[in-house]
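S.K.: So I've got this file, protein.csv, and it contains CSV, C-alpha atoms and all ligand atoms:
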chain,number,residue,atom,x,y,z
A,595,MET,CA,9.5,-23.8,-2.7
A,596,GLY,CA,12.3,-21.3,-3.2
A,597,ILE,CA,14.7,-19.7,-0.9
A,598,PHE,CA,12.2,-19.3,1.9
A,599,ASN,CA,10.7,-22.0,4.2
A,600,LYS,CA,9.0,-22.2,7.6
A,601,LYS,CA,12.3,-21.8,9.4
A,602,ASN,CA,13.4,-18.9,7.1
A,603,PRO,CA,10.2,-17.0,6.2
A,604,PRO,CA,10.6,-13.7,4.2
A,605,SER,CA,9.4,-11.5,7.1
A,606,ARG,CA,12.3,-12.6,9.5
A,607,ASN,CA,15.8,-11.1,9.3
A,608,ALA,CA,14.9,-9.3,6.1
A,609,TYR,CA,17.0,-6.8,4.3
A,610,ALA,CA,14.1,-4.6,3.4
A,611,VAL,CA,13.2,-1.4,1.5
A,612,VAL,CA,9.9,0.2,2.5
A,613,THR,CA,8.5,3.2,0.5
A,614,GLY,CA,6.3,5.7,2.2
A,615,ALA,CA,8.0,4.6,5.5
A,616,GLY,CA,7.5,8.0,7.1
A,617,SER,CA,3.9,7.5,8.2
A,618,GLY,CA,1.0,5.1,8.7
A,619,ILE,CA,1.2,1.6,7.2
A,620,GLY,CA,4.8,2.1,5.9
A,621,ARG,CA,6.1,3.1,9.3
A,622,SER,CA,4.3,0.0,10.8
A,623,PHE,CA,5.9,-2.2,8.2
A,624,ALA,CA,9.4,-0.8,8.9
A,625,LEU,CA,9.0,-1.1,12.7
A,626,GLU,CA,7.6,-4.7,12.5
A,627,LEU,CA,10.4,-5.9,10.2
A,628,ALA,CA,13.0,-4.5,12.6
A,629,ARG,CA,11.3,-6.2,15.5
A,630,ARG,CA,11.6,-9.4,13.5
A,631,GLY,CA,15.4,-8.9,13.2
A,632,GLY,CA,15.4,-7.2,9.8
A,633,HIS,CA,17.3,-4.2,8.7
A,634,VAL,CA,15.3,-1.5,6.9
A,635,VAL,CA,15.8,1.3,4.3
A,636,CYS,CA,13.0,3.7,5.1
A,637,ALA,CA,12.3,5.7,1.9
A,638,ASP,CA,9.8,8.6,1.7
A,639,ILE,CA,9.4,11.8,-0.2
A,640,ASN,CA,9.5,13.4,3.2
A,641,LEU,CA,13.0,12.8,4.5
A,642,ASP,CA,12.3,14.1,8.0
A,643,ALA,CA,9.4,11.6,8.4
A,644,ALA,CA,11.6,8.8,7.1
A,645,GLN,CA,14.3,9.8,9.5
A,646,GLU,CA,11.8,9.7,12.4
A,647,THR,CA,10.9,6.1,11.5
A,648,ALA,CA,14.6,5.1,11.2
A,649,ASP,CA,15.3,6.8,14.6
A,650,LEU,CA,12.4,4.9,16.2
A,651,ILE,CA,13.8,1.6,14.9
A,652,GLN,CA,17.3,2.4,16.2
A,653,SER,CA,15.9,3.3,19.6
A,654,LEU,CA,13.5,0.4,20.0
A,655,THR,CA,15.4,-2.5,18.4
A,656,SER,CA,18.9,-3.6,17.6
A,657,SER,CA,18.3,-3.4,13.9
A,658,HIS,CA,19.9,-1.0,11.5
A,659,ALA,CA,17.7,1.5,9.7
A,660,TYR,CA,18.5,4.2,7.1
A,661,ALA,CA,16.4,7.1,5.9
A,662,VAL,CA,16.4,7.9,2.2
A,663,GLN,CA,14.5,10.6,0.4
A,664,CYS,CA,12.8,9.3,-2.7
A,665,ASP,CA,9.8,10.3,-4.8
A,666,VAL,CA,8.6,6.9,-6.0
A,667,GLY,CA,6.9,8.5,-9.1
A,668,ILE,CA,10.3,9.6,-10.4
A,669,LYS,CA,12.1,6.7,-12.1
A,670,GLU,CA,15.6,8.0,-11.6
A,671,GLN,CA,15.0,8.4,-7.8
A,672,VAL,CA,13.7,4.8,-7.5
A,673,GLN,CA,16.7,3.5,-9.6
A,674,ALA,CA,19.0,5.4,-7.2
A,675,LEU,CA,17.1,3.9,-4.2
A,676,SER,CA,17.6,0.4,-5.6
A,677,GLU,CA,21.4,0.9,-5.8
A,678,GLN,CA,21.8,2.9,-2.6
A,679,ALA,CA,19.7,0.3,-0.6
A,680,GLU,CA,22.3,-2.5,-1.2
A,681,GLN,CA,25.2,-0.2,-0.2
A,682,LEU,CA,23.5,1.0,3.0
A,683,LEU,CA,22.4,-2.5,4.0
A,684,GLY,CA,25.7,-4.1,3.1
A,685,HIS,CA,23.6,-7.0,1.7
A,686,ALA,CA,21.3,-7.8,-1.2
A,687,VAL,CA,17.8,-6.7,-0.7
A,688,THR,CA,15.4,-9.6,0.2
A,689,LEU,CA,12.1,-7.8,0.6
A,690,VAL,CA,10.7,-4.7,-1.2
A,691,ILE,CA,7.5,-3.1,0.1
A,692,ASN,CA,5.9,-0.7,-2.4
A,693,ASN,CA,3.7,1.1,0.0
A,694,ALA,CA,3.9,4.9,-0.7
A,695,GLY,CA,0.5,6.2,-1.8
A,696,VAL,CA,-1.9,9.2,-1.7
A,697,GLY,CA,-5.6,9.6,-1.5
A,698,LEU,CA,-7.8,11.4,-4.1
A,699,GLY,CA,-11.5,11.8,-4.1
A,700,GLY,CA,-14.3,13.7,-5.9
A,701,LYS,CA,-16.9,13.3,-8.6
A,702,PHE,CA,-15.4,12.1,-11.9
A,703,ASP,CA,-16.3,15.2,-13.8
A,704,GLU,CA,-14.9,17.5,-11.0
A,705,VAL,CA,-11.5,15.9,-10.6
A,706,SER,CA,-8.8,17.7,-12.6
A,707,LEU,CA,-6.4,15.9,-14.9
A,708,GLU,CA,-3.5,17.3,-12.8
A,709,ASP,CA,-4.9,15.5,-9.7
A,710,TRP,CA,-5.4,12.3,-11.8
A,711,GLN,CA,-1.7,12.5,-12.8
A,712,TRP,CA,-0.6,13.1,-9.3
A,713,CYS,CA,-2.5,10.0,-8.1
A,714,MET,CA,-1.2,7.9,-10.9
A,715,HIS,CA,2.4,9.2,-10.4
A,716,VAL,CA,2.5,8.0,-6.8
A,717,ASN,CA,0.1,5.1,-6.5
A,718,LEU,CA,0.7,3.4,-9.8
A,719,TRP,CA,4.0,4.6,-11.3
A,720,GLY,CA,5.5,4.3,-7.8
A,721,VAL,CA,4.7,0.6,-7.6
A,722,ILE,CA,5.7,0.0,-11.3
A,723,HIS,CA,9.1,1.7,-10.6
A,724,GLY,CA,9.6,-0.2,-7.4
A,725,CYS,CA,9.0,-3.5,-9.2
A,726,HIS,CA,10.9,-2.5,-12.3
A,727,TYR,CA,14.2,-1.6,-10.5
A,728,PHE,CA,14.1,-4.3,-7.8
A,729,VAL,CA,12.9,-7.4,-9.6
A,730,PRO,CA,16.1,-7.8,-11.7
A,731,LYS,CA,18.2,-7.4,-8.4
A,732,LEU,CA,16.0,-10.0,-6.6
A,733,LYS,CA,16.4,-12.4,-9.6
A,734,GLN,CA,20.1,-11.8,-9.7
A,735,ASN,CA,20.3,-12.7,-6.0
A,736,GLY,CA,18.3,-15.9,-6.3
A,737,GLY,CA,14.9,-14.7,-5.1
A,738,GLY,CA,13.1,-12.6,-2.5
A,739,ALA,CA,9.8,-11.1,-1.8
A,740,ILE,CA,7.6,-8.1,-2.8
A,741,ILE,CA,4.6,-6.6,-1.0
A,742,ASN,CA,2.6,-4.2,-3.0
A,743,VAL,CA,0.1,-2.0,-1.0
A,744,ALA,CA,-3.1,-1.7,-3.1
A,745,SER,CA,-6.4,-1.2,-1.3
A,746,ALA,CA,-9.9,-2.7,-1.2
A,747,ALA,CA,-10.6,0.2,-3.5
A,748,GLY,CA,-8.9,-2.0,-6.1
A,749,TYR,CA,-12.1,-4.0,-6.3
A,750,THR,CA,-14.9,-2.1,-4.5
A,751,ALA,CA,-15.4,0.5,-7.3
A,752,ALA,CA,-16.8,3.0,-4.7
A,753,PRO,CA,-18.2,6.1,-6.4
A,754,GLU,CA,-16.3,9.4,-6.2
A,755,MET,CA,-12.9,7.7,-6.0
A,756,THR,CA,-12.3,6.9,-9.7
A,757,ALA,CA,-8.7,7.8,-9.9
A,758,TYR,CA,-7.7,6.2,-6.7
A,759,ASN,CA,-9.7,3.0,-7.6
A,760,VAL,CA,-8.0,2.9,-11.0
A,761,THR,CA,-4.5,3.0,-9.5
A,762,LYS,CA,-5.3,0.4,-6.9
A,763,SER,CA,-7.0,-2.1,-9.3
A,764,SER,CA,-3.9,-1.7,-11.5
A,765,VAL,CA,-1.7,-2.5,-8.6
A,766,LEU,CA,-3.8,-5.6,-7.9
A,767,ALA,CA,-3.4,-6.7,-11.6
A,768,LEU,CA,0.3,-6.0,-11.6
A,769,SER,CA,0.8,-8.0,-8.4
A,770,GLU,CA,-1.3,-11.0,-9.7
A,771,THR,CA,0.6,-11.1,-12.9
A,772,LEU,CA,4.0,-10.8,-11.2
A,773,SER,CA,3.1,-13.5,-8.7
A,774,ALA,CA,2.7,-16.0,-11.6
A,775,GLU,CA,5.6,-14.7,-13.6
A,776,LEU,CA,8.1,-14.5,-10.8
A,777,ARG,CA,7.3,-17.8,-9.0
A,778,SER,CA,9.9,-19.8,-10.9
A,779,ALA,CA,12.4,-17.1,-10.0
A,780,ASN,CA,11.8,-17.7,-6.3
A,781,ILE,CA,10.2,-14.3,-5.8
A,782,ARG,CA,7.1,-14.2,-3.7
A,783,VAL,CA,4.4,-11.5,-4.2
A,784,ASN,CA,1.8,-10.4,-1.8
A,785,VAL,CA,-0.8,-7.6,-2.4
A,786,LEU,CA,-2.4,-5.8,0.6
A,787,CYS,CA,-6.1,-4.7,0.1
A,788,PRO,CA,-7.4,-3.0,3.3
A,789,THR,CA,-10.5,-0.8,3.7
A,790,LEU,CA,-10.1,2.0,6.3
A,791,VAL,CA,-6.9,2.1,8.3
A,792,PRO,CA,-6.3,5.1,10.7
A,793,THR,CA,-3.3,6.9,9.2
A,794,ASN,CA,-2.6,10.4,7.8
A,795,ILE,CA,-3.9,9.5,4.3
A,796,MET,CA,-6.9,11.7,4.4
A,797,LYS,CA,-5.0,14.6,5.9
A,798,ASN,CA,-2.4,14.3,3.2
A,799,GLY,CA,-4.9,13.6,0.4
A,800,ARG,CA,-6.8,15.7,-2.0
A,801,LEU,CA,-10.5,15.5,-1.2
A,802,PRO,CA,-13.5,17.8,-2.0
A,803,LYS,CA,-13.9,20.3,0.9
A,804,GLN,CA,-17.3,18.9,1.9
A,805,TYR,CA,-15.7,15.5,2.7
A,806,SER,CA,-12.2,16.2,4.0
A,807,GLY,CA,-13.0,16.6,7.7
A,808,LEU,CA,-15.7,13.9,7.6
A,809,ALA,CA,-13.5,11.4,5.8
A,810,ASP,CA,-10.7,11.9,8.3
A,811,GLN,CA,-13.2,11.5,11.2
A,812,LEU,CA,-14.6,8.3,9.7
A,813,LEU,CA,-11.1,7.0,9.2
A,814,MET,CA,-9.8,7.8,12.7
A,815,ASN,CA,-13.0,6.8,14.6
A,816,HIS,CA,-14.6,4.0,12.7
A,817,ALA,CA,-11.8,1.9,11.3
A,818,PHE,CA,-11.9,-1.7,12.5
A,819,THR,CA,-8.2,-2.0,12.7
A,820,THR,CA,-4.8,-0.4,13.2
A,821,SER,CA,-1.9,-0.1,10.8
A,822,ASP,CA,0.1,-2.5,13.1
A,823,ASP,CA,-2.6,-5.1,12.9
A,824,VAL,CA,-2.8,-4.9,9.1
A,825,VAL,CA,1.0,-5.2,8.8
A,826,GLN,CA,1.0,-8.4,11.1
A,827,LYS,CA,-1.7,-9.9,8.9
A,828,THR,CA,0.2,-9.1,5.7
A,829,LEU,CA,3.5,-10.6,6.9
A,830,LYS,CA,1.6,-13.7,8.0
A,831,GLN,CA,0.1,-14.1,4.5
A,832,LEU,CA,3.5,-13.5,2.9
A,833,ASP,CA,5.2,-16.0,5.1
A,834,ALA,CA,2.4,-18.5,4.2
A,835,ASP,CA,3.1,-17.9,0.5
A,836,ARG,CA,-0.3,-16.4,-0.1
A,837,LEU,CA,-0.8,-13.7,-2.8
A,838,TYR,CA,-3.7,-11.7,-1.2
A,839,THR,CA,-4.1,-10.0,2.1
A,840,ILE,CA,-7.7,-8.9,2.7
A,841,PRO,CA,-7.3,-7.9,6.3
A,842,GLN,CA,-10.7,-6.7,7.6
A,843,PRO,CA,-14.2,-8.2,7.8
A,844,ASP,CA,-15.7,-5.4,5.5
A,845,ALA,CA,-12.8,-5.9,3.0
A,846,LYS,CA,-13.6,-9.6,2.9
A,847,LEU,CA,-17.4,-9.0,2.6
A,848,PHE,CA,-16.9,-6.7,-0.4
A,849,TRP,CA,-14.3,-9.1,-1.9
A,850,TRP,CA,-16.8,-12.0,-1.9
A,851,MET,CA,-19.8,-10.0,-3.0
A,852,LYS,CA,-17.9,-8.7,-6.0
A,853,ARG,CA,-16.7,-12.1,-6.9
A,854,LEU,CA,-20.0,-13.9,-6.4
A,855,SER,CA,-22.0,-11.5,-8.6
A,856,PRO,CA,-20.2,-8.4,-10.0
A,857,GLN,CA,-23.4,-7.4,-11.7
A,858,ILE,CA,-25.6,-7.4,-8.6
A,859,TYR,CA,-22.8,-5.9,-6.6
A,860,THR,CA,-22.4,-2.9,-8.9
A,861,LYS,CA,-26.2,-2.3,-9.1
A,862,LEU,CA,-26.4,-2.3,-5.3
A,863,LEU,CA,-23.6,0.2,-5.2
A,864,GLY,CA,-25.4,2.5,-7.6
A,865,ALA,CA,-28.6,2.2,-5.6
A,866,GLY,CA,-26.7,3.0,-2.4
A,867,TYR,CA,-24.9,6.0,-3.8
A,868,PRO,CA,-27.8,8.5,-3.3
A,869,LEU,CA,-28.1,7.3,0.3
A,870,PHE,CA,-24.4,8.1,0.8
A,871,ASN,CA,-25.0,11.6,-0.6
A,872,LYS,CA,-27.9,12.1,1.9
A,873,TYR,CA,-25.6,11.0,4.7
A,874,ILE,CA,-23.1,13.6,3.7
A,875,LYS,CA,-25.7,16.3,3.7
A,876,LYS,CA,-27.2,15.1,7.1
A,877,ALA,CA,-23.7,15.2,8.6
A,878,GLY,CA,-23.9,19.0,8.1
A,879,ALA,CA,-21.4,19.4,5.3
A,880,PRO,CA,-22.0,22.1,2.7
A,881,SER,CA,-22.5,20.5,-0.7
B,1,LIG,N1,-5.2,4.4,5.4
B,1,LIG,C1,-6.1,3.7,4.7
B,1,LIG,O1,-7.3,3.7,5.0
B,1,LIG,C2,-5.6,2.9,3.5
B,1,LIG,C3,-6.5,1.9,3.0
B,1,LIG,C4,-6.2,1.2,1.9
B,1,LIG,C5,-4.9,1.3,1.3
B,1,LIG,N2,-4.0,2.3,1.8
B,1,LIG,C6,-2.7,2.4,1.2
B,1,LIG,O2,-1.7,2.3,2.1
B,1,LIG,C7,-0.5,3.0,1.7
B,1,LIG,C8,0.1,3.8,2.8
B,1,LIG,O3,-0.8,4.8,3.1
B,1,LIG,P1,-1.1,5.3,4.6
B,1,LIG,O4,-2.6,5.1,4.9
B,1,LIG,O5,-0.1,4.8,5.5
B,1,LIG,O6,-1.0,6.9,4.4
B,1,LIG,P2,0.0,8.0,5.1
B,1,LIG,O7,-0.4,9.3,4.4
B,1,LIG,O8,-0.1,7.9,6.5
B,1,LIG,O9,1.5,7.5,4.6
B,1,LIG,C9,1.9,7.6,3.2
B,1,LIG,C10,3.4,7.9,3.2
B,1,LIG,O10,3.7,8.0,1.8
B,1,LIG,C11,4.6,9.1,1.6
B,1,LIG,N3,4.5,9.5,0.2
B,1,LIG,C12,3.6,10.2,-0.4
B,1,LIG,N4,3.9,10.5,-1.7
B,1,LIG,C13,5.1,9.9,-1.9
B,1,LIG,C14,6.0,9.8,-3.0
B,1,LIG,N5,5.7,10.4,-4.2
B,1,LIG,N6,7.1,9.1,-2.9
B,1,LIG,C15,7.4,8.5,-1.7
B,1,LIG,N7,6.7,8.6,-0.6
B,1,LIG,C16,5.5,9.3,-0.7
B,1,LIG,C17,4.1,10.2,2.5
B,1,LIG,O11,5.1,11.1,2.8
B,1,LIG,C18,3.7,9.3,3.8
B,1,LIG,O12,4.8,9.2,4.6
B,1,LIG,C19,-1.0,3.8,0.5
B,1,LIG,O13,-0.6,3.1,-0.7
B,1,LIG,C20,-2.5,3.8,0.6
B,1,LIG,O14,-3.1,4.0,-0.7
B,1,LIG,C21,-4.4,3.0,2.9
Mind turning the file's structure into structure tokens?

M.R.:
Amino acid sequence: MGIFNKKNPPSRNAYAVVTGAGSGIGRSFALELARRGGHVVCADINLDAAQETADLIQSLTSSHAYAVQCDVGIKEQVQALSEQAEQLLGHAVTLVINNAGVGLGGKFDEVSLEDWQWCMHVNLWGVIHGCHYFVPKLKQNGGGAIINVASAAGYTAAPEMTAYNVTKSSVLALSETLSAELRSANIRVNVLCPTLVPTNIMKNGRLPKQYSGLADQLLMNHAFTTSDDVVQKTLKQLDADRLYTIPQPDAKLFWWMKRLSPQIYTKLLGAGYPLFNKYIKKAGAPS
């Protein structure tokens, strides 16, 4: 269906915009799309980091890459990005990857409203803005594809991650709705829901002191995957016209547990939470 087919999948020869392209999963998306013959606008709030990704693409591939500074939570900046992208690429955008995101943790009653707003600004408004400004352009050009980077946090409901979980479950709902609504406009949607991926998210995030080192250690040493692997799986799912990318075994396990019995799942989570706290204490962190 639509403008894509097996010979012309959305991940090949794309004219793409990737937000949060200066690090981690965003950088992996940008590089992989370039390896597949695509040209990429690398957008990030950190222009130097976006430029590094664009330089890497230029040095490793024959694709064109452009760095643009953009705070995805500011609508005017995303609108400007949507206009600038077409000019830079010299072509209509065919693939938008709303990836930029930040981490926030802490007990519900200890997280400030300012931190809630910061998390919503990037993780939720960033994706809403990306869809809002690019969907009309994709429609105008006869179709295209969108990848929204959510997280397994969108359905796992893990304690002490309320704000992050709320933003990611919203991105999941947004993506599911858009997938149905945009199908007849030849726009494919995929939503990526990984568990741990070793990136800079913990270092850049806002976490209670007692967790920050530990969380980063856990992420870097115990993740079952790499950002490159997650990206390959996502592009495969997109090309196969599938909505969900649940890339790791633990992400799949939580997905099925939650779907089979949300009630039992949530009770187990509540029962396991004190054990998690014990583990944190045993790991030697001050509480
Ligand atoms: N790493 C994980 O374990 C994991 C798991 C599930 C989901 N995710 C999601 O993956 C996405 C990418 O995160 P990552 O792990 O690669 O983290 P990362 O910190 O390595 O990269 C995030 C990038 O987003 C940029 N960014 C932050 N705020 C921005 C803003 N307002 N506007 C534009 N760019 C901004 C940062 O500068 C950085 O380059 C996020 O949406 C994150 O929630 C990550």

S.K.: Around ligand LIG 1 (chain B), at most 8 Å away and counting only C-alpha atoms and all ligand atoms, which residues are there? Put them as number ranges by chain, please.

M.R.: A: 613-621, 637-640, 643-644, 663-668, 692-697, 715-717, 720, 743-747, 758, 762, 786-799, 813, 817, 821

S.K.: Do you know which residues are at most 9 Å from A:His685 counting all atoms listed in the file, after dropping those on the same chain fewer than 5 positions away, and could you put them as a list of chain:residue names?

M.R.: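 Close residues of A:His685: A:Tyr609, A:Ala679, A:Glu680.
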
S.K.: Those residues you just picked out, can you put them in a file as a compact mmCIF listing (two decimals), keeping the file's coordinate frame with C-alpha atoms?

M.R.:
# COMPACT_ATOMS: atom_id res chain seq x y z
CA TYR A 609 17.00 -6.80 4.30
CA ALA A 679 19.70 0.30 -0.60
CA GLU A 680 22.30 -2.50 -1.20

S.K.: Between A:Val705, A:Tyr838, A:Glu670, A:Gly632, which is the closest to A:Gln652 once you count all atoms listed in the file?

M.R.: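 Among the listed residues, the smallest separation from A:Gln652 belongs to A:Gly632.
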
S.K.: Quick one: distance from atom CA of A:Ala757 to atom CA of A:Trp710 in Å, one decimal?

M.R.: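 Atom CA of A:Ala757 sits 5.9 Å away from atom CA of A:Trp710.
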
S.K.: For A:Val662, which of A:Leu650, A:Leu641, A:Val721, A:Leu854 is the closest residue, counting only C-alpha atoms?

M.R.: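 For A:Val662, the nearest of the given residues is A:Leu641.
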
S.K.: Got a sec: who's within 8 Å of stretch 749-754 of chain A, counting all atoms listed in the file, leaving out chain neighbours fewer than 5 positions off, as a PyMOL selection string?

M.R.: chain A and resi 699-702+759+763+848-849+852+860+863+867

S.K.: Any chance you could tabulate, as CSV, the residues of stretch 609-660 of chain A at most 8 Å from stretch 822-826 of chain A with each one's nearest atom pair and distance in Å to one decimal, using all atoms listed in the file, in chain and rising number order?

M.R.:
residue,atom,partner,partner_atom,distance
A:Ile619,CA,A:Val825,CA,7.0
A:Ser622,CA,A:Asp822,CA,5.4
A:Phe623,CA,A:Val825,CA,5.8
A:Glu626,CA,A:Val825,CA,7.6

S.K.: Of the candidates A:Phe870, A:Trp850, A:Phe728, A:Tyr805, which one gets nearest to A:Ile781 if we count only C-alpha atoms?

M.R.: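 Closest candidate: A:Phe728.
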
S.K.: Interatomic distance between atom CA of A:Ser676 and atom CA of A:His726?

M.R.: 9.9 Å

S.K.: Report the distance between atom CA of A:Asn784 and atom CA of A:Thr655 in Å, rounded to one decimal place.

M.R.: 25.6 Å

S.K.: Could you name the residues that touch A:Val635 at 7 Å or less, counting only C-alpha atoms, but leaving out those on the same chain fewer than 3 positions away, as a ChimeraX atom specification?

M.R.: /A:610-612,659-662,679

S.K.: With distances taken over only C-alpha atoms, which of A:Glu646, A:Asn602, A:Cys725, A:Ile874 is nearest to A:Pro802?

M.R.: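 When distances to A:Pro802 are compared using only C-alpha atoms, the smallest one comes from A:Ile874.
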
S.K.: Hey, which of A:Thr828, A:Ser855, A:Asn735, A:Thr756 ends up closest to A:Cys713? Count all atoms listed in the file.

M.R.: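 Selected residue with least distance to A:Cys713: A:Thr756.
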
S.K.: Could stretch 749-757 of chain A be completed with all heavy atoms and returned as a CSV table (one decimal), in the coordinates of the input?

M.R.:
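Final output, saved to part14.csv:
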chain,number,residue,atom,x,y,z
A,749,TYR,N,-11.0,-3.2,-5.8
A,749,TYR,CA,-12.1,-4.0,-6.3
A,749,TYR,C,-13.5,-3.5,-5.9
A,749,TYR,O,-14.5,-4.0,-6.4
A,749,TYR,CB,-11.9,-5.5,-5.9
A,749,TYR,CG,-11.8,-5.8,-4.4
A,749,TYR,CD1,-12.8,-5.8,-3.6
A,749,TYR,CD2,-10.5,-5.9,-3.9
A,749,TYR,CE1,-12.7,-6.0,-2.2
A,749,TYR,CE2,-10.3,-6.1,-2.5
A,749,TYR,CZ,-11.4,-6.1,-1.7
A,749,TYR,OH,-11.2,-6.3,-0.3
A,750,THR,N,-13.6,-2.6,-5.0
A,750,THR,CA,-14.9,-2.1,-4.5
A,750,THR,C,-15.6,-1.2,-5.5
A,750,THR,O,-16.8,-1.1,-5.4
A,750,THR,CB,-14.8,-1.5,-3.1
A,750,THR,OG1,-13.8,-0.5,-3.1
A,750,THR,CG2,-14.6,-2.5,-2.0
A,751,ALA,N,-14.9,-0.5,-6.3
A,751,ALA,CA,-15.4,0.5,-7.3
A,751,ALA,C,-16.3,1.5,-6.6
A,751,ALA,O,-17.4,1.9,-7.2
A,751,ALA,CB,-16.2,-0.3,-8.3
A,752,ALA,N,-16.0,2.0,-5.4
A,752,ALA,CA,-16.8,3.0,-4.7
A,752,ALA,C,-16.8,4.3,-5.5
A,752,ALA,O,-15.8,4.8,-6.0
A,752,ALA,CB,-16.2,3.2,-3.3
A,753,PRO,N,-18.0,4.9,-5.6
A,753,PRO,CA,-18.2,6.1,-6.4
A,753,PRO,C,-17.3,7.3,-5.8
A,753,PRO,O,-17.0,7.2,-4.6
A,753,PRO,CB,-19.7,6.5,-6.2
A,753,PRO,CG,-20.3,5.2,-5.9
A,753,PRO,CD,-19.3,4.4,-5.2
A,754,GLU,N,-17.0,8.2,-6.6
A,754,GLU,CA,-16.3,9.4,-6.2
A,754,GLU,C,-14.8,9.1,-5.8
A,754,GLU,O,-14.2,9.9,-5.0
A,754,GLU,CB,-17.0,10.2,-5.2
A,754,GLU,CG,-18.4,10.7,-5.7
A,754,GLU,CD,-19.0,11.8,-4.9
A,754,GLU,OE1,-18.3,12.6,-4.3
A,754,GLU,OE2,-20.3,11.9,-4.9
A,755,MET,N,-14.3,8.0,-6.3
A,755,MET,CA,-12.9,7.7,-6.0
A,755,MET,C,-12.3,7.1,-7.2
A,755,MET,O,-11.4,6.2,-7.2
A,755,MET,CB,-12.8,6.6,-4.9
A,755,MET,CG,-13.3,7.1,-3.5
A,755,MET,SD,-13.3,5.8,-2.3
A,755,MET,CE,-11.7,5.0,-2.4
A,756,THR,N,-12.7,7.6,-8.4
A,756,THR,CA,-12.3,6.9,-9.7
A,756,THR,C,-10.8,6.8,-9.8
A,756,THR,O,-10.3,5.6,-10.1
A,756,THR,CB,-12.8,7.7,-10.9
A,756,THR,OG1,-14.1,8.3,-10.6
A,756,THR,CG2,-12.9,6.8,-12.1
A,757,ALA,N,-10.1,7.9,-9.7
A,757,ALA,CA,-8.7,7.8,-9.9
A,757,ALA,C,-8.0,6.9,-9.0
A,757,ALA,O,-7.2,6.0,-9.3
A,757,ALA,CB,-8.1,9.2,-9.8
